[in-house]
Amino acid sequence: MKIKTESSTKKKTQLLCGFVLENSNKILGLEKFDAKTSLAINQSLKDMQGKLGRLNIIPIPGKKYAQRILLAGLGKKENLTKDTIRLVSGKIAQKARELKLKEFSIITPPSFVTDQILSVSQIVEGSKMALYKFDKFKGEKTDNSPDLTIIVSKSNKISQAIKIAVIVADGAIFTKSIANLPPNECTPSTLVNFAKTISKKNKMKCKIISKPELKKKGFGGIIAVGQGSKNEPKLIVLEHNHGTKNEKPIVLVGKAVTFDTGGISLKPGDKMDEMKFDKCGGCTVLGIMKAVSELKLPINVVGIIPSVENMPSGESYRPGDIIKLYNGKTAEILNTDAEGRLILADALSFGEKHYSPKAIIDFATLTGACIIALGNNVAGIVSNNEKLTKRINESSKRTMEQVWELPLNQDFMDMIKSEVADMKNIGIGRAAGTITAAAFLRNAIENTPWIHIDIAGVAWTQIATKEKSYNPKGATGFGVRLILDYLQNL
Ligand code: BES
Ligand code: MN
Ligand code: ZN
């Protein structure tokens, strides 16, 4: 999809799209048309009433400038959110594709509706993300994406906003496209190849730690979880160094279990296929790093991705095992399905030790309990730092990637104490499952500001996922827009 801007609505286009507020009698930003066309527009406006998400198409009699006009409802002005333009733009783009158009145009709403820069970004993100479809393995592919013309008065700020939005959307799309890969086509080594590709393209440092070195250096969690699979575990480290030399980096850590069977504590068969999405945290970090390097953000950012396949076999780790993590603490394994915290603990300690970061942010499809607590539209956050949490909450409000904080205090830390080791890898029964998992991670970090984002409910579309044009079925890329907003506002 190519994107360009145009300052007038009187340019030839196959589909001229404009937004309409509820119960309003005009298309926002549309210049005057001839009497015949205006009559048709007025009738259509009455029919659709600007209701949120409604799309009405009017063929244009003389086809003077536009072949058709599309009216897109935004709903009531007072109900506009930071997601409305993104959602409706996504719908428009999908409609243009359905009509097999080569191109379409969207008129930016004027500034009395929303900030123009913001709406241009949202038009770009919404249309690009909505047109991504996971059809790599389909004989019959979805028709190609139509090009987009954004109608807006031109300025440097606008072109800059478009450039950024394209990179952000491409980051999220990249995350979706690797997260959607099936587990036979995406092993830890596959993720290594993706990391190498993006690092070469954008001049990031990329270091891969493979099994022998992981063993030697004491990554006991990654080794234990990975030992049941013939697809060997990997630790991927990407460095974007565009800040000053001595500036501490932000470290991003992402769980990448390319398939989670549960191991010896085998999961039931129902929906086990969805555990290909257990690599989503790592994929989010890859998408963010790709975008960070393309944006050339003037900061230092490190992406760390522990990747394993959790399989049952003669070589698997077992319930009852006691392992030693990277930071020297020991963990009693009571359930091999609580594997994410083990590989993350190693990666978090490694990140803190080697980079003395300003902050550590981790993403993981860590607990089913998070879905029970918060459903499929809000991610769980747990942190040791109020300032960092505030920053993430602000980014969440701007990007509409929703998060909700859960508490972590000594009582929860006590719930993972073991009789025979420093910790056990599960809490007490099913109580506060998301928090006891976070408590395990908390033990891997000394003092660094840290926030854990449990994306189990939001990383891919599930039963209670709210339908969004820009998140079609499959991986959502949750976290990419959120963290890019945070990093851009540091
Ligand atoms: N990857 C799963 C969590 C998960 C389950 C995410 C379903 C999304 C949907 C994780 O590794 C896991 O299995 N967690 C267990 C922990 C339990 C054994 C303490 C869980 O949530 O059941
Ligand atoms: Mn598991
Ligand atoms: Zn898992």
# chains A, B, ... in the order shown; residues from 1 in each chain; ligands from 1
call {"tool": "select_by_dssp", "arguments": {"residues": "range 143-261 of chain A", "states": "strand (DSSP E)", "output": "JSON, numbers by chain"}}
result
{"A": [147, 148, 149, 150, 151, 205, 206, 207, 208, 209, 234, 235, 236, 237, 238, 239, 240, 241, 250, 251, 252, 253, 254, 256, 257, 258, 259, 260]}
call {"tool": "closest_atom_pairs", "arguments": {"of": "chain A", "to": "ligand 2", "cutoff": "12 Å", "atoms": "only C-alpha atoms and all ligand atoms", "output": "tab-separated table"}}
result
residue	atom	partner	partner_atom_place_in_ligand_line	distance
A:Val225	CA	ligand 2	1 (Mn)	10.0
A:Lys255	CA	ligand 2	1 (Mn)	11.1
A:Ala256	CA	ligand 2	1 (Mn)	11.4
A:Val257	CA	ligand 2	1 (Mn)	8.6
A:Thr258	CA	ligand 2	1 (Mn)	11.1
A:Phe259	CA	ligand 2	1 (Mn)	9.1
A:Asp260	CA	ligand 2	1 (Mn)	5.5
A:Thr261	CA	ligand 2	1 (Mn)	6.9
A:Gly262	CA	ligand 2	1 (Mn)	4.8
A:Gly263	CA	ligand 2	1 (Mn)	7.9
A:Ile264	CA	ligand 2	1 (Mn)	10.6
A:Ser265	CA	ligand 2	1 (Mn)	8.8
A:Leu266	CA	ligand 2	1 (Mn)	8.9
A:Lys267	CA	ligand 2	1 (Mn)	8.0
A:Pro268	CA	ligand 2	1 (Mn)	11.4
A:Met272	CA	ligand 2	1 (Mn)	10.6
A:Glu274	CA	ligand 2	1 (Mn)	11.7
A:Met275	CA	ligand 2	1 (Mn)	8.5
A:Lys276	CA	ligand 2	1 (Mn)	11.3
A:Phe277	CA	ligand 2	1 (Mn)	11.3
A:Asp278	CA	ligand 2	1 (Mn)	8.2
A:Lys279	CA	ligand 2	1 (Mn)	11.2
A:Val308	CA	ligand 2	1 (Mn)	11.5
A:Glu309	CA	ligand 2	1 (Mn)	10.3
A:Asn310	CA	ligand 2	1 (Mn)	7.7
A:Met311	CA	ligand 2	1 (Mn)	10.1
A:Pro312	CA	ligand 2	1 (Mn)	11.8
A:Asn335	CA	ligand 2	1 (Mn)	8.7
A:Thr336	CA	ligand 2	1 (Mn)	7.0
A:Asp337	CA	ligand 2	1 (Mn)	3.6
A:Ala338	CA	ligand 2	1 (Mn)	4.8
A:Glu339	CA	ligand 2	1 (Mn)	5.3
A:Gly340	CA	ligand 2	1 (Mn)	6.4
A:Arg341	CA	ligand 2	1 (Mn)	9.2
A:Leu342	CA	ligand 2	1 (Mn)	10.4
A:Ile343	CA	ligand 2	1 (Mn)	11.2
A:Ala364	CA	ligand 2	1 (Mn)	11.0
A:Thr365	CA	ligand 2	1 (Mn)	9.0
A:Leu366	CA	ligand 2	1 (Mn)	7.5
A:Thr367	CA	ligand 2	1 (Mn)	7.8
A:Gly368	CA	ligand 2	1 (Mn)	9.0
A:Ala369	CA	ligand 2	1 (Mn)	11.8
A:Asn425	CA	ligand 2	1 (Mn)	11.1
A:Ile426	CA	ligand 2	1 (Mn)	11.1
A:Ala437	CA	ligand 2	1 (Mn)	11.4
A:Ala456	CA	ligand 2	1 (Mn)	10.9
call {"tool": "residues_around", "arguments": {"residues": "range 384-394 of chain A", "least_positions_apart": "2", "cutoff": "12 Å", "atoms": "only C-alpha atoms", "output": "PyMOL selection string"}}
result
chain A and resi 250+358-361+378-382+396-410+438-439+441-443+445-453+479+481-490
call {"tool": "residues_around", "arguments": {"residues": "range 233-236 of chain A", "least_positions_apart": "4", "cutoff": "8 Å", "atoms": "only C-alpha atoms", "output": "MDAnalysis selection string"}}
result
chainID A and resid 188:189 192 195 206:211 214 222:223 226:227 303:309 347
call {"tool": "write_last_selection", "arguments": {"atoms": "all heavy atoms", "output": "compact mmCIF listing (two decimals), in the first residue's frame"}}
result
# COMPACT_ATOMS: atom_id res chain seq x y z
N PRO A 188 12.74 -21.64 17.47
CA PRO A 188 13.67 -20.61 17.95
C PRO A 188 14.67 -20.15 16.87
O PRO A 188 14.95 -18.96 16.76
CB PRO A 188 14.35 -21.30 19.13
CG PRO A 188 13.27 -22.20 19.68
CD PRO A 188 12.56 -22.72 18.47
N SER A 189 15.17 -21.08 16.05
CA SER A 189 16.13 -20.66 15.00
C SER A 189 15.47 -19.78 13.95
O SER A 189 16.13 -18.92 13.37
CB SER A 189 16.75 -21.84 14.26
OG SER A 189 16.75 -22.97 15.02
N VAL A 192 15.55 -16.42 15.28
CA VAL A 192 16.92 -15.93 15.14
C VAL A 192 17.12 -15.32 13.75
O VAL A 192 17.67 -14.23 13.60
CB VAL A 192 17.94 -17.07 15.39
CG1 VAL A 192 19.33 -16.70 14.87
CG2 VAL A 192 17.99 -17.41 16.88
N ALA A 195 15.49 -12.00 13.48
CA ALA A 195 16.25 -10.99 14.21
C ALA A 195 17.47 -10.55 13.40
O ALA A 195 17.78 -9.36 13.30
CB ALA A 195 16.68 -11.54 15.57
N CYS A 206 23.42 -7.54 16.74
CA CYS A 206 22.61 -8.73 17.03
C CYS A 206 23.52 -9.82 17.54
O CYS A 206 24.50 -10.19 16.90
CB CYS A 206 21.91 -9.19 15.75
SG CYS A 206 20.94 -10.69 15.95
N LYS A 207 23.20 -10.31 18.76
CA LYS A 207 24.00 -11.40 19.30
C LYS A 207 23.07 -12.56 19.61
O LYS A 207 21.99 -12.36 20.18
CB LYS A 207 24.72 -10.93 20.58
CG LYS A 207 25.61 -12.02 21.15
CD LYS A 207 26.60 -11.48 22.17
CE LYS A 207 27.26 -12.59 22.99
NZ LYS A 207 27.69 -13.79 22.28
N ILE A 208 23.49 -13.75 19.20
CA ILE A 208 22.69 -14.94 19.46
C ILE A 208 23.46 -15.84 20.42
O ILE A 208 24.63 -16.15 20.18
CB ILE A 208 22.44 -15.73 18.15
CG1 ILE A 208 21.84 -14.82 17.06
CG2 ILE A 208 21.55 -16.94 18.42
CD1 ILE A 208 20.53 -14.17 17.42
N ILE A 209 22.82 -16.23 21.51
CA ILE A 209 23.46 -17.20 22.42
C ILE A 209 22.78 -18.55 22.21
O ILE A 209 21.57 -18.68 22.40
CB ILE A 209 23.36 -16.73 23.89
CG1 ILE A 209 23.88 -15.28 24.01
CG2 ILE A 209 24.15 -17.66 24.80
CD1 ILE A 209 23.91 -14.73 25.42
N SER A 210 23.57 -19.53 21.77
CA SER A 210 23.02 -20.86 21.49
C SER A 210 23.25 -21.82 22.65
O SER A 210 23.88 -21.46 23.65
CB SER A 210 23.63 -21.41 20.20
OG SER A 210 23.20 -20.62 19.12
N LYS A 211 22.74 -23.04 22.50
CA LYS A 211 22.66 -23.98 23.62
C LYS A 211 23.96 -24.18 24.42
O LYS A 211 23.92 -24.06 25.66
CB LYS A 211 22.11 -25.33 23.13
CG LYS A 211 21.63 -26.21 24.26
CD LYS A 211 20.88 -27.42 23.77
CE LYS A 211 20.43 -28.28 24.94
NZ LYS A 211 19.71 -29.49 24.49
N LEU A 214 24.62 -21.10 26.42
CA LEU A 214 23.56 -20.92 27.43
C LEU A 214 23.86 -21.80 28.64
O LEU A 214 23.72 -21.38 29.80
CB LEU A 214 22.19 -21.27 26.85
CG LEU A 214 21.58 -20.26 25.85
CD1 LEU A 214 20.37 -20.88 25.14
CD2 LEU A 214 21.17 -18.96 26.54
N ILE A 222 16.27 -21.35 30.78
CA ILE A 222 16.13 -21.55 29.33
C ILE A 222 16.55 -22.97 28.95
O ILE A 222 15.87 -23.63 28.15
CB ILE A 222 16.98 -20.50 28.56
CG1 ILE A 222 16.49 -19.07 28.91
CG2 ILE A 222 16.91 -20.74 27.06
CD1 ILE A 222 17.31 -17.95 28.29
N ILE A 223 17.63 -23.45 29.54
CA ILE A 223 18.10 -24.81 29.24
C ILE A 223 17.06 -25.84 29.66
O ILE A 223 16.70 -26.74 28.90
CB ILE A 223 19.47 -25.09 29.94
CG1 ILE A 223 20.58 -24.29 29.24
CG2 ILE A 223 19.79 -26.58 29.96
CD1 ILE A 223 20.89 -24.72 27.81
N GLY A 226 13.95 -25.77 27.45
CA GLY A 226 14.24 -26.10 26.06
C GLY A 226 14.74 -27.51 25.83
O GLY A 226 14.78 -27.97 24.69
N GLN A 227 15.07 -28.23 26.91
CA GLN A 227 15.77 -29.51 26.71
C GLN A 227 14.89 -30.64 26.19
O GLN A 227 15.40 -31.66 25.73
CB GLN A 227 16.51 -29.93 27.99
CG GLN A 227 15.62 -30.42 29.11
CD GLN A 227 16.34 -30.46 30.47
OE1 GLN A 227 17.22 -29.65 30.76
NE2 GLN A 227 15.96 -31.42 31.30
N GLY A 303 16.78 -5.25 22.96
CA GLY A 303 15.71 -6.26 22.92
C GLY A 303 16.29 -7.62 23.25
O GLY A 303 17.27 -8.04 22.64
N ILE A 304 15.68 -8.29 24.23
CA ILE A 304 16.19 -9.61 24.64
C ILE A 304 15.04 -10.62 24.52
O ILE A 304 13.98 -10.44 25.11
CB ILE A 304 16.71 -9.59 26.09
CG1 ILE A 304 17.80 -8.50 26.22
CG2 ILE A 304 17.27 -10.95 26.49
CD1 ILE A 304 18.35 -8.36 27.63
N ILE A 305 15.28 -11.68 23.74
CA ILE A 305 14.21 -12.64 23.49
C ILE A 305 14.68 -14.06 23.79
O ILE A 305 15.44 -14.65 23.02
CB ILE A 305 13.76 -12.54 22.01
CG1 ILE A 305 13.24 -11.12 21.74
CG2 ILE A 305 12.69 -13.58 21.69
CD1 ILE A 305 13.29 -10.75 20.30
N PRO A 306 14.23 -14.61 24.93
CA PRO A 306 14.53 -16.01 25.19
C PRO A 306 13.52 -16.87 24.42
O PRO A 306 12.32 -16.67 24.54
CB PRO A 306 14.31 -16.14 26.70
CG PRO A 306 13.32 -15.06 27.04
CD PRO A 306 13.46 -13.97 26.01
N SER A 307 14.03 -17.80 23.62
CA SER A 307 13.13 -18.59 22.79
C SER A 307 13.37 -20.08 22.95
O SER A 307 14.51 -20.56 22.88
CB SER A 307 13.29 -18.19 21.32
OG SER A 307 12.33 -18.88 20.54
N VAL A 308 12.29 -20.81 23.18
CA VAL A 308 12.36 -22.27 23.38
C VAL A 308 11.09 -22.89 22.82
O VAL A 308 10.12 -22.19 22.52
CB VAL A 308 12.38 -22.64 24.89
CG1 VAL A 308 13.60 -22.10 25.60
CG2 VAL A 308 11.11 -22.14 25.58
N GLU A 309 11.12 -24.24 22.70
CA GLU A 309 9.88 -24.96 22.44
C GLU A 309 9.66 -25.85 23.66
O GLU A 309 10.58 -26.57 24.07
CB GLU A 309 10.01 -25.78 21.15
CG GLU A 309 8.69 -26.44 20.76
CD GLU A 309 8.80 -27.23 19.46
OE1 GLU A 309 9.83 -27.88 19.22
OE2 GLU A 309 7.82 -27.23 18.70
N ALA A 347 16.36 -14.20 31.32
CA ALA A 347 16.56 -13.06 30.40
C ALA A 347 16.55 -11.73 31.16
O ALA A 347 17.32 -10.83 30.85
CB ALA A 347 15.48 -13.08 29.32
call {"tool": "closest_residue", "arguments": {"among": "A:Pro109, A:Gly139, A:Gly126, A:Gly243", "to": "Ile27 in chain A", "atoms": "only C-alpha atoms"}}
result
A:Pro109
call {"tool": "closest_residue", "arguments": {"among": "A:Ala179, A:Ile57, A:Ala444, A:Val251", "to": "Gly328 in chain A", "atoms": "only C-alpha atoms"}}
result
A:Ala444
call {"tool": "closest_residue", "arguments": {"among": "A:Gly73, A:Pro110, A:Gly281, A:Gly29", "to": "ligand 3", "atoms": "only C-alpha atoms and all ligand atoms"}}
result
A:Gly281
call {"tool": "atom_distance", "arguments": {"atom1": "CA of Asp454 in chain A", "atom2": "CA of Gly220 in chain A"}}
result
22.6 Å
call {"tool": "closest_residue", "arguments": {"among": "A:Gly433, A:Pro249, A:Asp143, A:Leu21", "to": "Thr114 in chain A", "atoms": "only C-alpha atoms"}}
result
A:Leu21
call {"tool": "atom_distance", "arguments": {"atom1": "CA of Met415 in chain A", "atom2": "CA of Ile371 in chain A"}}
result
20.5 Å
call {"tool": "closest_residue", "arguments": {"among": "A:Val480, A:Ile123, A:Val458, A:Leu286", "to": "ligand 1", "atoms": "only C-alpha atoms and all ligand atoms"}}
result
A:Val458
call {"tool": "residues_around", "arguments": {"residues": "Asn471 in chain A", "least_positions_apart": "3", "cutoff": "8 Å", "atoms": "only C-alpha atoms", "output": "VMD selection string"}}
result
chain A and resid 129 to 130 461 467 to 468 474 to 476
call {"tool": "write_last_selection", "arguments": {"atoms": "N, CA, C and O atoms", "output": "PDB file, in the first residue's frame"}}
result
ATOM      1  N   MET A 129      -2.916  -1.481   9.014  1.00  0.00           N
ATOM      2  CA  MET A 129      -3.055  -2.678   9.849  1.00  0.00           C
ATOM      3  C   MET A 129      -4.272  -3.517   9.451  1.00  0.00           C
ATOM      4  O   MET A 129      -4.245  -4.739   9.516  1.00  0.00           O
ATOM      5  N   ALA A 130      -5.331  -2.840   9.011  1.00  0.00           N
ATOM      6  CA  ALA A 130      -6.558  -3.573   8.650  1.00  0.00           C
ATOM      7  C   ALA A 130      -6.375  -4.381   7.377  1.00  0.00           C
ATOM      8  O   ALA A 130      -7.087  -5.358   7.141  1.00  0.00           O
ATOM      9  N   THR A 461      -6.568 -12.771  18.691  1.00  0.00           N
ATOM     10  CA  THR A 461      -8.014 -12.651  18.862  1.00  0.00           C
ATOM     11  C   THR A 461      -8.570 -13.951  19.457  1.00  0.00           C
ATOM     12  O   THR A 461      -8.245 -15.040  19.004  1.00  0.00           O
ATOM     13  N   GLU A 467     -14.319  -6.826  18.382  1.00  0.00           N
ATOM     14  CA  GLU A 467     -13.940  -6.791  16.980  1.00  0.00           C
ATOM     15  C   GLU A 467     -13.371  -5.423  16.613  1.00  0.00           C
ATOM     16  O   GLU A 467     -13.961  -4.395  16.946  1.00  0.00           O
ATOM     17  N   LYS A 468     -12.231  -5.449  15.960  1.00  0.00           N
ATOM     18  CA  LYS A 468     -11.586  -4.207  15.526  1.00  0.00           C
ATOM     19  C   LYS A 468     -11.082  -4.421  14.112  1.00  0.00           C
ATOM     20  O   LYS A 468     -10.390  -5.398  13.841  1.00  0.00           O
ATOM     21  N   GLY A 474      -6.416 -13.534  14.419  1.00  0.00           N
ATOM     22  CA  GLY A 474      -5.017 -13.936  14.592  1.00  0.00           C
ATOM     23  C   GLY A 474      -4.265 -12.991  15.514  1.00  0.00           C
ATOM     24  O   GLY A 474      -4.885 -12.284  16.324  1.00  0.00           O
ATOM     25  N   ALA A 475      -2.959 -12.974  15.387  1.00  0.00           N
ATOM     26  CA  ALA A 475      -2.129 -12.143  16.262  1.00  0.00           C
ATOM     27  C   ALA A 475      -2.472 -10.663  16.082  1.00  0.00           C
ATOM     28  O   ALA A 475      -2.802 -10.222  14.990  1.00  0.00           O
ATOM     29  N   THR A 476      -2.404  -9.907  17.195  1.00  0.00           N
ATOM     30  CA  THR A 476      -2.793  -8.492  17.157  1.00  0.00           C
ATOM     31  C   THR A 476      -1.594  -7.536  17.154  1.00  0.00           C
ATOM     32  O   THR A 476      -1.753  -6.358  16.855  1.00  0.00           O
TER      33      THR A 476
END
call {"tool": "residues_around", "arguments": {"residues": "Val113 in chain A", "least_positions_apart": "4", "cutoff": "9 Å", "atoms": "only C-alpha atoms", "output": "VMD selection string"}}
result
chain A and resid 28 77 80 109
call {"tool": "atom_distance", "arguments": {"atom1": "CA of Lys473 in chain A", "atom2": "CA of Gly50 in chain A"}}
result
26.7 Å
